[in-house]
$ cat input.pdb   # PDB, C-alpha atoms
ATOM      1  CA  MET A   1      17.786   3.600  24.058
ATOM      2  CA  THR A   2      15.297   1.477  22.116
ATOM      3  CA  VAL A   3      12.960   3.381  19.789
ATOM      4  CA  ARG A   4       9.416   3.040  21.065
ATOM      5  CA  TYR A   5       7.603   3.215  17.736
ATOM      6  CA  ARG A   6       8.309   1.246  14.588
ATOM      7  CA  ILE A   7       6.852   1.507  11.093
ATOM      8  CA  GLY A   8       6.798  -1.028   8.279
ATOM      9  CA  ALA A   9       6.061   0.324   4.775
ATOM     10  CA  ASP A  10       5.840  -1.132   1.278
ATOM     11  CA  GLU A  11       4.278  -0.499  -2.132
ATOM     12  CA  ASN A  12       1.863  -2.519  -4.233
ATOM     13  CA  GLY A  13       1.172  -1.947  -7.893
ATOM     14  CA  LEU A  14       4.350  -0.128  -8.884
ATOM     15  CA  GLY A  15       4.513  -1.551 -12.408
ATOM     16  CA  PRO A  16       1.008  -2.295 -13.800
ATOM     17  CA  ARG A  17      -0.654  -0.745 -16.844
ATOM     18  CA  LEU A  18      -3.956  -0.060 -15.082
ATOM     19  CA  GLY A  19      -5.211   0.774 -11.624
ATOM     20  CA  PRO A  20      -3.697   2.606  -8.663
ATOM     21  CA  MET A  21      -0.378   2.266  -6.920
ATOM     22  CA  LEU A  22      -0.684   1.764  -3.165
ATOM     23  CA  VAL A  23       1.929   2.695  -0.583
ATOM     24  CA  THR A  24       0.981   1.308   2.816
ATOM     25  CA  ALA A  25       2.488   1.683   6.265
ATOM     26  CA  VAL A  26       1.803  -0.014   9.589
ATOM     27  CA  LEU A  27       2.583   1.629  12.939
ATOM     28  CA  ALA A  28       3.407  -0.396  16.042
ATOM     29  CA  GLU A  29       4.578   0.295  19.567
ATOM     30  CA  VAL A  30       7.478  -2.037  20.319
ATOM     31  CA  ASP A  31       9.781  -2.817  23.216
ATOM     32  CA  GLU A  32      13.298  -4.240  22.998
ATOM     33  CA  LYS A  33      11.947  -7.775  22.663
ATOM     34  CA  GLY A  34       9.480  -6.552  20.062
ATOM     35  CA  HIS A  35      12.176  -5.233  17.726
ATOM     36  CA  LYS A  36      13.732  -8.700  17.683
ATOM     37  CA  THR A  37      10.326 -10.301  17.068
ATOM     38  CA  VAL A  38       9.610  -8.053  14.084
ATOM     39  CA  GLU A  39      12.908  -8.974  12.447
ATOM     40  CA  LYS A  40      12.328 -12.733  12.680
ATOM     41  CA  LYS A  41      10.373 -14.638  10.062
ATOM     42  CA  ALA A  42       7.003 -15.836  11.308
ATOM     43  CA  ARG A  43       6.955 -19.430  12.517
ATOM     44  CA  GLY A  44       4.395 -22.171  12.879
ATOM     45  CA  SER A  45       0.877 -21.442  11.711
ATOM     46  CA  MET A  46       1.583 -17.691  11.679
ATOM     47  CA  LYS A  47       3.874 -18.027   8.647
ATOM     48  CA  ALA A  48       0.774 -18.786   6.570
ATOM     49  CA  ARG A  49      -0.518 -15.293   7.408
ATOM     50  CA  ILE A  50       2.640 -13.139   7.743
ATOM     51  CA  GLY A  51       5.276 -13.247   5.025
ATOM     52  CA  ASP A  52       5.992 -12.183   1.457
ATOM     53  CA  SER A  53       2.659 -10.971   0.068
ATOM     54  CA  LYS A  54       3.572 -12.276  -3.391
ATOM     55  CA  ASP A  55       3.609 -15.797  -1.935
ATOM     56  CA  LEU A  56       0.569 -15.464   0.317
ATOM     57  CA  MET A  57      -1.829 -13.632  -2.029
ATOM     58  CA  LYS A  58      -2.573 -13.979  -5.732
ATOM     59  CA  HIS A  59      -4.865 -12.084  -8.101
ATOM     60  CA  GLY A  60      -8.433 -12.837  -7.078
ATOM     61  CA  ASP A  61      -7.389 -14.357  -3.747
ATOM     62  CA  ILE A  62      -7.671 -11.421  -1.366
ATOM     63  CA  ALA A  63      -9.111 -12.932   1.817
ATOM     64  CA  LEU A  64      -5.896 -12.731   3.857
ATOM     65  CA  GLY A  65      -5.306  -9.065   3.044
ATOM     66  CA  GLU A  66      -8.937  -8.319   3.818
ATOM     67  CA  ALA A  67      -8.651 -10.062   7.187
ATOM     68  CA  TRP A  68      -5.593  -8.034   8.198
ATOM     69  CA  SER A  69      -7.257  -4.828   7.000
ATOM     70  CA  ARG A  70     -10.408  -5.501   9.001
ATOM     71  CA  VAL A  71      -8.576  -6.480  12.170
ATOM     72  CA  LEU A  72      -6.273  -3.456  12.022
ATOM     73  CA  CYS A  73      -9.251  -1.146  11.431
ATOM     74  CA  GLU A  74     -10.911  -2.621  14.507
ATOM     75  CA  ARG A  75      -7.711  -2.109  16.492
ATOM     76  CA  ASP A  76      -7.606   1.543  15.399
ATOM     77  CA  GLY A  77     -11.256   2.092  16.326
ATOM     78  CA  HIS A  78     -12.540   2.567  12.764
ATOM     79  CA  ASP A  79     -15.651   1.283  11.017
ATOM     80  CA  ALA A  80     -14.893  -2.039   9.338
ATOM     81  CA  SER A  81     -18.461  -2.864   8.296
ATOM     82  CA  SER A  82     -17.807  -3.021   4.536
ATOM     83  CA  PRO A  83     -14.931  -3.031   2.039
ATOM     84  CA  ASP A  84     -15.693   0.582   1.158
ATOM     85  CA  ALA A  85     -15.519   1.513   4.840
ATOM     86  CA  LEU A  86     -12.086  -0.148   4.977
ATOM     87  CA  VAL A  87     -10.858   1.871   2.001
ATOM     88  CA  ARG A  88     -11.991   5.116   3.622
ATOM     89  CA  ALA A  89     -10.619   4.190   7.053
ATOM     90  CA  ILE A  90      -7.200   3.078   5.829
ATOM     91  CA  SER A  91      -6.745   5.784   3.194
ATOM     92  CA  PHE A  92      -4.228   8.402   4.267
ATOM     93  CA  ASP A  93      -6.149  10.981   2.223
ATOM     94  CA  THR A  94      -9.782  12.037   2.457
ATOM     95  CA  ALA A  95     -12.378  10.949  -0.086
ATOM     96  CA  ASP A  96     -12.483  14.497  -1.484
ATOM     97  CA  ALA A  97      -8.715  14.504  -1.941
ATOM     98  CA  LEU A  98      -8.820  11.141  -3.702
ATOM     99  CA  THR A  99     -11.365  12.344  -6.260
ATOM    100  CA  ALA A 100      -9.957  15.864  -6.688
ATOM    101  CA  ARG A 101      -8.129  14.932  -9.915
ATOM    102  CA  CYS A 102     -11.125  13.105 -11.412
ATOM    103  CA  PRO A 103     -13.267  14.674 -14.132
ATOM    104  CA  GLU A 104     -16.783  14.428 -12.704
ATOM    105  CA  HIS A 105     -18.043  12.112 -15.444
ATOM    106  CA  VAL A 106     -15.138   9.670 -14.814
ATOM    107  CA  GLN A 107     -15.325   9.362 -11.004
ATOM    108  CA  HIS A 108     -17.590   6.322 -11.195
ATOM    109  CA  GLN A 109     -14.841   4.346 -12.958
ATOM    110  CA  CYS A 110     -12.775   4.118  -9.767
ATOM    111  CA  TRP A 111     -15.138   5.078  -6.953
ATOM    112  CA  GLY A 112     -18.633   4.081  -8.036
ATOM    113  CA  HIS A 113     -18.818   0.415  -7.030
ATOM    114  CA  THR A 114     -19.012   0.488  -3.250
ATOM    115  CA  THR A 115     -21.128  -2.593  -2.515
ATOM    116  CA  GLU A 116     -18.451  -5.288  -2.677
ATOM    117  CA  PRO A 117     -18.892  -8.272  -0.349
ATOM    118  CA  PHE A 118     -16.439  -9.397   2.287
ATOM    119  CA  VAL A 119     -14.711 -12.668   1.382
ATOM    120  CA  ALA A 120     -12.659 -13.542   4.481
ATOM    121  CA  GLU A 121     -14.255 -16.359   6.468
ATOM    122  CA  ALA A 122     -14.826 -16.121  10.212
ATOM    123  CA  ALA A 123     -12.120 -18.729  10.888
ATOM    124  CA  LEU A 124      -9.487 -16.657   9.084
ATOM    125  CA  LEU A 125     -10.484 -13.533  11.000
ATOM    126  CA  ARG A 126     -10.139 -15.472  14.273
ATOM    127  CA  ASP A 127      -6.673 -16.660  13.246
ATOM    128  CA  VAL A 128      -5.520 -13.130  12.377
ATOM    129  CA  ARG A 129      -6.866 -11.811  15.688
ATOM    130  CA  LYS A 130      -4.864 -14.549  17.425
ATOM    131  CA  ASP A 131      -1.778 -13.485  15.471
ATOM    132  CA  LEU A 132      -2.361  -9.933  16.664
ATOM    133  CA  ALA A 133      -2.597 -11.138  20.265
ATOM    134  CA  LYS A 134       0.629 -13.142  19.882
ATOM    135  CA  LEU A 135       2.407 -10.083  18.543
ATOM    136  CA  ASP A 136       1.109  -8.086  21.528
ATOM    137  CA  ALA A 137       2.540 -10.693  23.865
ATOM    138  CA  SER A 138       5.875 -10.531  22.006
ATOM    139  CA  GLY A 139       6.243  -6.797  22.545
ATOM    140  CA  VAL A 140       4.741  -5.673  19.226
ATOM    141  CA  ARG A 141       1.453  -3.776  19.669
ATOM    142  CA  LEU A 142       0.100  -2.875  16.267
ATOM    143  CA  ILE A 143      -1.667   0.477  16.305
ATOM    144  CA  ALA A 144      -2.812   1.365  12.791
ATOM    145  CA  ALA A 145      -2.449   0.912   9.049
ATOM    146  CA  LYS A 146      -2.613   3.734   6.519
ATOM    147  CA  SER A 147      -2.339   3.646   2.744
ATOM    148  CA  ALA A 148      -1.622   6.348   0.175
ATOM    149  CA  ILE A 149      -3.742   5.594  -2.891
ATOM    150  CA  VAL A 150      -2.101   6.986  -6.034
ATOM    151  CA  CYS A 151      -4.413   6.868  -9.030
ATOM    152  CA  THR A 152      -3.403   6.598 -12.684
ATOM    153  CA  LYS A 153      -4.130  10.297 -13.283
ATOM    154  CA  HIS A 154      -1.842  11.220 -10.373
ATOM    155  CA  LEU A 155       0.972   9.032 -11.724
ATOM    156  CA  ASN A 156       0.636  10.497 -15.218
ATOM    157  CA  THR A 157       0.614  14.047 -13.851
ATOM    158  CA  GLU A 158       3.871  13.315 -12.025
ATOM    159  CA  ILE A 159       5.337  11.916 -15.248
ATOM    160  CA  ASP A 160       4.606  15.282 -16.873
ATOM    161  CA  ARG A 161       6.550  16.936 -14.026
ATOM    162  CA  GLY A 162       9.545  14.683 -14.712
ATOM    163  CA  LYS A 163       8.902  12.382 -11.740
ATOM    164  CA  SER A 164       8.962   8.622 -12.215
ATOM    165  CA  ARG A 165       6.746   6.182 -10.349
ATOM    166  CA  PHE A 166       9.773   5.453  -8.136
ATOM    167  CA  HIS A 167       9.812   9.091  -7.015
ATOM    168  CA  VAL A 168       6.074   8.924  -6.304
ATOM    169  CA  ASP A 169       6.528   5.705  -4.319
ATOM    170  CA  LEU A 170       9.290   7.239  -2.193
ATOM    171  CA  HIS A 171       7.447  10.504  -1.585
ATOM    172  CA  GLN A 172       4.296   8.706  -0.481
ATOM    173  CA  MET A 173       6.368   6.627   1.943
ATOM    174  CA  GLU A 174       7.756   9.865   3.359
ATOM    175  CA  ARG A 175       4.237  11.281   3.790
ATOM    176  CA  LEU A 176       3.071   8.182   5.638
ATOM    177  CA  ILE A 177       6.128   8.130   7.894
ATOM    178  CA  MET A 178       5.713  11.802   8.760
ATOM    179  CA  GLY A 179       2.034  11.237   9.509
ATOM    180  CA  PHE A 180       2.781   8.349  11.861
ATOM    181  CA  ARG A 181       5.684  10.284  13.412
ATOM    182  CA  GLU A 182       3.223  13.020  14.349
ATOM    183  CA  ARG A 183       0.790  10.478  15.757
ATOM    184  CA  ALA A 184       3.501   8.705  17.767
ATOM    185  CA  GLY A 185       4.801  11.933  19.255
ATOM    186  CA  GLY A 186       8.365  10.614  19.223
ATOM    187  CA  ASP A 187      11.088   9.433  16.879
ATOM    188  CA  VAL A 188      10.344   6.312  14.855
ATOM    189  CA  LEU A 189      12.248   3.521  13.172
ATOM    190  CA  ALA A 190      10.751   3.097   9.701
ATOM    191  CA  VAL A 191      11.655   0.032   7.639
ATOM    192  CA  CYS A 192      10.605   0.281   3.998
ATOM    193  CA  GLY A 193      10.869  -1.913   0.960
ATOM    194  CA  LYS A 194      13.617  -0.813  -1.429
ATOM    195  CA  VAL A 195      12.397   1.721  -3.983
ATOM    196  CA  GLY A 196      13.438   0.822  -7.512
ATOM    197  CA  GLY A 197      16.777  -0.624  -6.441
ATOM    198  CA  LEU A 198      18.036   2.804  -5.378
ATOM    199  CA  MET A 199      21.112   3.012  -3.173
ATOM    200  CA  LYS A 200      21.384   6.798  -2.786
ATOM    201  CA  TYR A 201      18.060   8.211  -1.631
ATOM    202  CA  GLU A 202      19.056  11.668  -0.431
ATOM    203  CA  PRO A 203      18.819  13.373  -3.870
ATOM    204  CA  ALA A 204      15.384  11.788  -4.450
ATOM    205  CA  PHE A 205      13.661  12.693  -1.160
ATOM    206  CA  GLY A 206      10.556  14.853  -1.472
ATOM    207  CA  PRO A 207       8.717  15.794   1.764
ATOM    208  CA  LEU A 208      11.906  15.167   3.757
ATOM    209  CA  SER A 209      14.203  17.083   1.422
ATOM    210  CA  GLY A 210      15.944  20.068   2.966
ATOM    211  CA  ARG A 211      15.998  18.521   6.430
ATOM    212  CA  LEU A 212      19.184  17.761   8.288
ATOM    213  CA  VAL A 213      20.078  14.124   7.581
ATOM    214  CA  SER A 214      22.859  11.689   8.433
ATOM    215  CA  ILE A 215      23.660   8.878   6.009
ATOM    216  CA  LEU A 216      23.999   5.611   7.933
ATOM    217  CA  ALA A 217      24.343   3.182   5.019
ATOM    218  CA  GLU A 218      24.031   3.138   1.239
ATOM    219  CA  LYS A 219      24.376  -0.400  -0.039
ATOM    220  CA  ARG A 220      22.471  -2.638  -2.429
ATOM    221  CA  GLU A 221      20.870  -4.568   0.425
ATOM    222  CA  LYS A 222      20.095  -1.594   2.665
ATOM    223  CA  SER A 223      20.183   2.195   2.626
ATOM    224  CA  ALA A 224      19.597   3.981   5.946
ATOM    225  CA  TYR A 225      19.247   7.608   7.043
ATOM    226  CA  PHE A 226      18.680   9.450  10.306
ATOM    227  CA  PHE A 227      16.560  12.616  10.403
ATOM    228  CA  PRO A 228      16.632  14.522  13.714
ATOM    229  CA  GLY A 229      13.066  14.997  14.897
ATOM    230  CA  VAL A 230      11.815  12.146  12.715
ATOM    231  CA  GLY A 231      13.968   9.091  13.335
ATOM    232  CA  GLU A 232      15.680   6.438  11.249
ATOM    233  CA  LEU A 233      14.533   5.375   7.785
ATOM    234  CA  ARG A 234      15.785   2.092   6.366
ATOM    235  CA  PHE A 235      15.171   0.927   2.794
ATOM    236  CA  VAL A 236      15.715  -2.820   2.733
ATOM    237  CA  MET A 237      15.826  -5.316  -0.125
ATOM    238  CA  ASP A 238      12.964  -7.857   0.063
ATOM    239  CA  ALA A 239      11.815  -6.269   3.317
ATOM    240  CA  ASP A 240       8.342  -7.836   3.154
ATOM    241  CA  ALA A 241       9.933 -11.288   3.434
ATOM    242  CA  HIS A 242      12.036 -10.408   6.491
ATOM    243  CA  ASP A 243      10.195  -7.740   8.491
ATOM    244  CA  ARG A 244       6.781  -8.637   9.895
ATOM    245  CA  LEU A 245       5.435  -5.087   9.859
ATOM    246  CA  VAL A 246       6.468  -4.584   6.240
ATOM    247  CA  SER A 247       4.800  -7.894   5.409
ATOM    248  CA  ILE A 248       1.526  -6.866   7.041
ATOM    249  CA  ALA A 249       1.641  -3.487   5.293
ATOM    250  CA  SER A 250       2.147  -5.243   1.958
ATOM    251  CA  LEU A 251      -0.776  -7.609   2.594
ATOM    252  CA  VAL A 252      -3.083  -4.698   3.373
ATOM    253  CA  GLY A 253      -1.871  -2.758   0.323
ATOM    254  CA  LYS A 254      -2.291  -5.746  -1.969
ATOM    255  CA  TYR A 255      -5.867  -6.201  -0.765
ATOM    256  CA  LEU A 256      -6.729  -2.549  -1.407
ATOM    257  CA  ARG A 257      -5.036  -2.609  -4.815
ATOM    258  CA  GLU A 258      -7.035  -5.713  -5.843
ATOM    259  CA  LEU A 259     -10.284  -4.201  -4.545
ATOM    260  CA  LEU A 260      -9.804  -0.912  -6.387
ATOM    261  CA  MET A 261      -8.753  -2.620  -9.635
ATOM    262  CA  ALA A 262     -11.851  -4.833  -9.403
ATOM    263  CA  ARG A 263     -13.967  -1.674  -9.293
ATOM    264  CA  ILE A 264     -12.548  -0.612 -12.646
ATOM    265  CA  VAL A 265     -13.336  -4.025 -14.145
ATOM    266  CA  HIS A 266     -16.859  -3.944 -12.678
ATOM    267  CA  HIS A 267     -17.432  -0.458 -14.106
ATOM    268  CA  TYR A 268     -16.758  -1.564 -17.676
ATOM    269  CA  ARG A 269     -18.505  -4.917 -17.276
ATOM    270  CA  GLN A 270     -21.719  -2.970 -16.770
ATOM    271  CA  ALA A 271     -21.406  -2.099 -20.466
ATOM    272  CA  ASP A 272     -19.995  -5.480 -21.554
ATOM    273  CA  GLU A 273     -20.451  -8.360 -19.129
ATOM    274  CA  THR A 274     -18.119 -10.589 -21.153
ATOM    275  CA  LEU A 275     -15.030  -8.514 -20.355
ATOM    276  CA  PRO A 276     -12.264 -10.531 -18.663
ATOM    277  CA  ASP A 277     -11.183 -10.168 -15.032
ATOM    278  CA  ALA A 278      -8.076  -8.074 -15.651
ATOM    279  CA  SER A 279      -5.374  -7.766 -12.991
ATOM    280  CA  GLY A 280      -4.134  -4.504 -14.520
ATOM    281  CA  TYR A 281      -0.605  -5.891 -14.932
ATOM    282  CA  HIS A 282       1.265  -6.411 -18.200
ATOM    283  CA  ASP A 283      -0.369  -9.667 -19.247
ATOM    284  CA  PRO A 284      -2.548 -10.918 -22.145
ATOM    285  CA  VAL A 285      -5.795 -10.649 -20.154
ATOM    286  CA  THR A 286      -5.145  -7.002 -19.329
ATOM    287  CA  THR A 287      -4.239  -6.310 -22.960
ATOM    288  CA  THR A 288      -7.568  -7.813 -24.018
ATOM    289  CA  PHE A 289      -9.375  -5.687 -21.423
ATOM    290  CA  VAL A 290      -7.683  -2.514 -22.692
ATOM    291  CA  ASP A 291      -8.494  -3.306 -26.331
ATOM    292  CA  ARG A 292     -12.109  -4.274 -25.716
ATOM    293  CA  THR A 293     -12.905  -1.226 -23.583
ATOM    294  CA  ALA A 294     -11.500   1.244 -26.125
ATOM    295  CA  LEU A 295     -14.845   1.976 -27.801
ATOM    296  CA  ILE A 296     -16.661   2.257 -24.451
ATOM    297  CA  ARG A 297     -14.082   4.723 -23.214
ATOM    298  CA  LYS A 298     -14.279   6.726 -26.428
ATOM    299  CA  LYS A 299     -18.065   7.018 -26.208
ATOM    300  CA  ARG A 300     -17.847   8.031 -22.541
ATOM    301  CA  LYS A 301     -15.008  10.498 -23.217
ATOM    302  CA  VAL A 302     -12.719   8.926 -20.637
ATOM    303  CA  PRO A 303      -9.348  10.726 -20.782
ATOM    304  CA  ALA A 304      -6.479   8.375 -21.568
ATOM    305  CA  ASP A 305      -4.584   9.688 -18.526
ATOM    306  CA  CYS A 306      -7.391   8.486 -16.246
ATOM    307  CA  PHE A 307      -7.215   4.944 -17.596
ATOM    308  CA  GLU A 308      -3.719   3.797 -18.582
ATOM    309  CA  ARG A 309      -0.337   4.724 -17.171
ATOM    310  CA  ARG A 310       2.367   6.343 -19.228
ATOM    311  CA  SER A 311       6.127   5.956 -18.761
ATOM    312  CA  LEU A 312       8.715   8.649 -18.149
ATOM    313  CA  GLY A 313      10.499   9.484 -21.379
TER     314      GLY A 313
END

$ encode --input "input.pdb" --output "structure tokens"
Amino acid sequence: MTVRYRIGADENGLGPRLGPMLVTAVLAEVDEKGHKTVEKKARGSMKARIGDSKDLMKHGDIALGEAWSRVLCERDGHDASSPDALVRAISFDTADALTARCPEHVQHQCWGHTTEPFVAEAALLRDVRKDLAKLDASGVRLIAAKSAIVCTKHLNTEIDRGKSRFHVDLHQMERLIMGFRERAGGDVLAVCGKVGGLMKYEPAFGPLSGRLVSILAEKREKSAYFFPGVGELRFVMDADAHDRLVSIASLVGKYLRELLMARIVHHYRQADETLPDASGYHDPVTTTFVDRTALIRKKRKVPADCFERRSLG
């Protein structure tokens, strides 16, 4: 019997110095033909809009991810009138939950700039809507996208508990899958990007730990598990290049990651407009941004754990 619901999940921002990590999942209703469609690389003009997010989007070039985010919000019946509305609609957690770890005087660093403009042109939005219609016709009806936004403070708190960013990535994937499983009302097939090159996931599970599980595969290229009452979870190497739902999830996550990192840059540029446009990754521009904001952060009493990630050990 073909599973009726399929999920594609991936992370964005696993390794940067600054900004949040995003774990994003897309839920779709699929038929037998649809499963085959999802597992084929996009062809023709669609391959310019569905594929490896690292190839299709670069720092500062977020229009494609925005377009997919807006179209999927529309499909799910949510407000897509502004970038901030997209963040709130796609976030798996409420706004209160997202700011719960923030000292009150630091909240503006990550959540204060909510007047960003849209950048995707009307033609791109039309093309993405056409892609959505083609997927519908191919037996793949996308339903929703949700993203777990994991801030720097959250990551550092988990480090103190002995949990690496790989654990956090995996546990957020589990949360998203369980949330979509509840929404679907039936078992799902969830295809996820590999987490940190792991092969044996069972000892590392969080929300799914303690459940009955069958190991289907544990190889470098793919690890797979079946949970009764949940469905099958596959962790696949380079999944965003080979699974269309994982690709779309990665595009949405990359857009949100870029948007939220830009808010941090904007926050500090209000004090020094000459600060560079930092990506948050380990690069010379980000190093310059960290160094040149040190005095601002000291004066504003910004805790180090709310600004820069630490490493386990």

$ closest_residue --input "input.pdb" --among "A:Leu18, A:Glu308, A:Asp93, A:Leu132" --to "Glu74 (chain A)" --atoms "all atoms listed in the file"
A:Leu132

$ residues_around --input "input.pdb" --residues "His108 (chain A)" --least-positions-apart "4" --cutoff "12 Å" --atoms "all atoms listed in the file" --output "list in words"
Thr99, Cys102, Pro103, Glu104, Gly112, His113, Thr114, Leu260, Arg263, Ile264, Val265, His266, His267, Tyr268, Gln270, Arg300, Val302 and Cys306 of chain A

$ closest_residue --input "input.pdb" --among "A:Gly13, A:Gly8, A:Pro20, A:Gly229" --to "Val150 (chain A)" --atoms "only C-alpha atoms"
A:Pro20

$ resolve_selection --input "input.pdb" --expression "the PyMOL selection byres ((chain A and resi 221) around 9)" --output "list in words"
Lys194, Gly197, Met199, Glu218, Lys219, Arg220, Lys222, Ser223, Phe235, Val236, Met237 and Asp238 of chain A

$ residues_around --input "input.pdb" --residues "Arg244 (chain A)" --least-positions-apart "6" --cutoff "9 Å" --atoms "all atoms listed in the file" --output "list in words"
Gly8, Thr37, Val38, Glu39, Lys40, Lys41, Ala42, Ile50 and Gly51 of chain A

$ write_last_selection --input "input.pdb" --atoms "C-alpha atoms" --output "CSV table (one decimal), keeping the file's coordinate frame"
chain,number,residue,atom,x,y,z
A,8,GLY,CA,6.8,-1.0,8.3
A,37,THR,CA,10.3,-10.3,17.1
A,38,VAL,CA,9.6,-8.1,14.1
A,39,GLU,CA,12.9,-9.0,12.4
A,40,LYS,CA,12.3,-12.7,12.7
A,41,LYS,CA,10.4,-14.6,10.1
A,42,ALA,CA,7.0,-15.8,11.3
A,50,ILE,CA,2.6,-13.1,7.7
A,51,GLY,CA,5.3,-13.2,5.0

$ closest_residue --input "input.pdb" --among "A:His154, A:Ser247, A:Met57, A:Lys130" --to "Ala100 (chain A)" --atoms "only C-alpha atoms"
A:His154

$ closest_residue --input "input.pdb" --among "A:Ser209, A:Ser311, A:Thr157, A:Asn12" --to "Arg175 (chain A)" --atoms "only C-alpha atoms"
A:Ser209

$ residues_near_point --input "input.pdb" --point "(0.5, -6.8, 8.1)" --cutoff "9 Å" --atoms "all atoms listed in the file" --output "list in words"
Gly8, Ala25, Val26, Arg49, Ile50, Gly51, Gly65, Trp68, Ser69, Leu72, Ala145, Arg244, Leu245, Val246, Ser247, Ile248, Ala249, Ser250, Leu251 and Val252 of chain A

$ decode --input "input.pdb" --residues "region 159-176 of chain A" --atoms "N, CA and C atoms" --output "CSV table (one decimal), in the first residue's frame"
chain,number,residue,atom,x,y,z
A,159,ILE,N,24.4,23.1,24.1
A,159,ILE,CA,25.8,22.7,24.2
A,159,ILE,C,26.1,22.5,25.7
A,160,ASP,N,25.5,23.3,26.6
A,160,ASP,CA,25.7,23.2,28.0
A,160,ASP,C,25.1,21.9,28.6
A,161,ARG,N,24.1,21.3,27.9
A,161,ARG,CA,23.5,20.1,28.3
A,161,ARG,C,24.2,18.9,27.6
A,162,GLY,N,25.3,19.2,26.9
A,162,GLY,CA,26.0,18.1,26.2
A,162,GLY,C,25.5,17.7,24.9
A,163,LYS,N,24.7,18.5,24.3
A,163,LYS,CA,24.0,18.2,23.0
A,163,LYS,C,24.7,19.0,21.9
A,164,SER,N,25.2,18.4,20.9
A,164,SER,CA,25.8,19.1,19.8
A,164,SER,C,24.7,19.7,18.8
A,165,ARG,N,25.1,20.5,17.9
A,165,ARG,CA,24.1,21.1,16.9
A,165,ARG,C,23.5,20.0,16.1
A,166,PHE,N,24.2,18.8,15.9
A,166,PHE,CA,23.7,17.7,15.2
A,166,PHE,C,22.5,17.1,15.9
A,167,HIS,N,22.6,17.0,17.2
A,167,HIS,CA,21.5,16.5,18.0
A,167,HIS,C,20.3,17.4,17.9
A,168,VAL,N,20.6,18.7,18.0
A,168,VAL,CA,19.5,19.7,17.9
A,168,VAL,C,18.8,19.6,16.5
A,169,ASP,N,19.6,19.5,15.5
A,169,ASP,CA,19.1,19.3,14.1
A,169,ASP,C,18.1,18.1,14.0
A,170,LEU,N,18.6,17.0,14.5
A,170,LEU,CA,17.8,15.8,14.5
A,170,LEU,C,16.5,15.9,15.3
A,171,HIS,N,16.6,16.4,16.5
A,171,HIS,CA,15.4,16.5,17.3
A,171,HIS,C,14.4,17.5,16.8
A,172,GLN,N,14.8,18.5,16.1
A,172,GLN,CA,13.9,19.4,15.5
A,172,GLN,C,13.2,18.8,14.3
A,173,MET,N,13.9,18.0,13.5
A,173,MET,CA,13.3,17.2,12.5
A,173,MET,C,12.2,16.3,13.0
A,174,GLU,N,12.6,15.6,14.1
A,174,GLU,CA,11.6,14.7,14.7
A,174,GLU,C,10.3,15.5,15.1
A,175,ARG,N,10.5,16.7,15.7
A,175,ARG,CA,9.3,17.5,16.1
A,175,ARG,C,8.5,17.8,14.9
A,176,LEU,N,9.1,18.3,13.9
A,176,LEU,CA,8.4,18.6,12.7
A,176,LEU,C,7.6,17.4,12.1
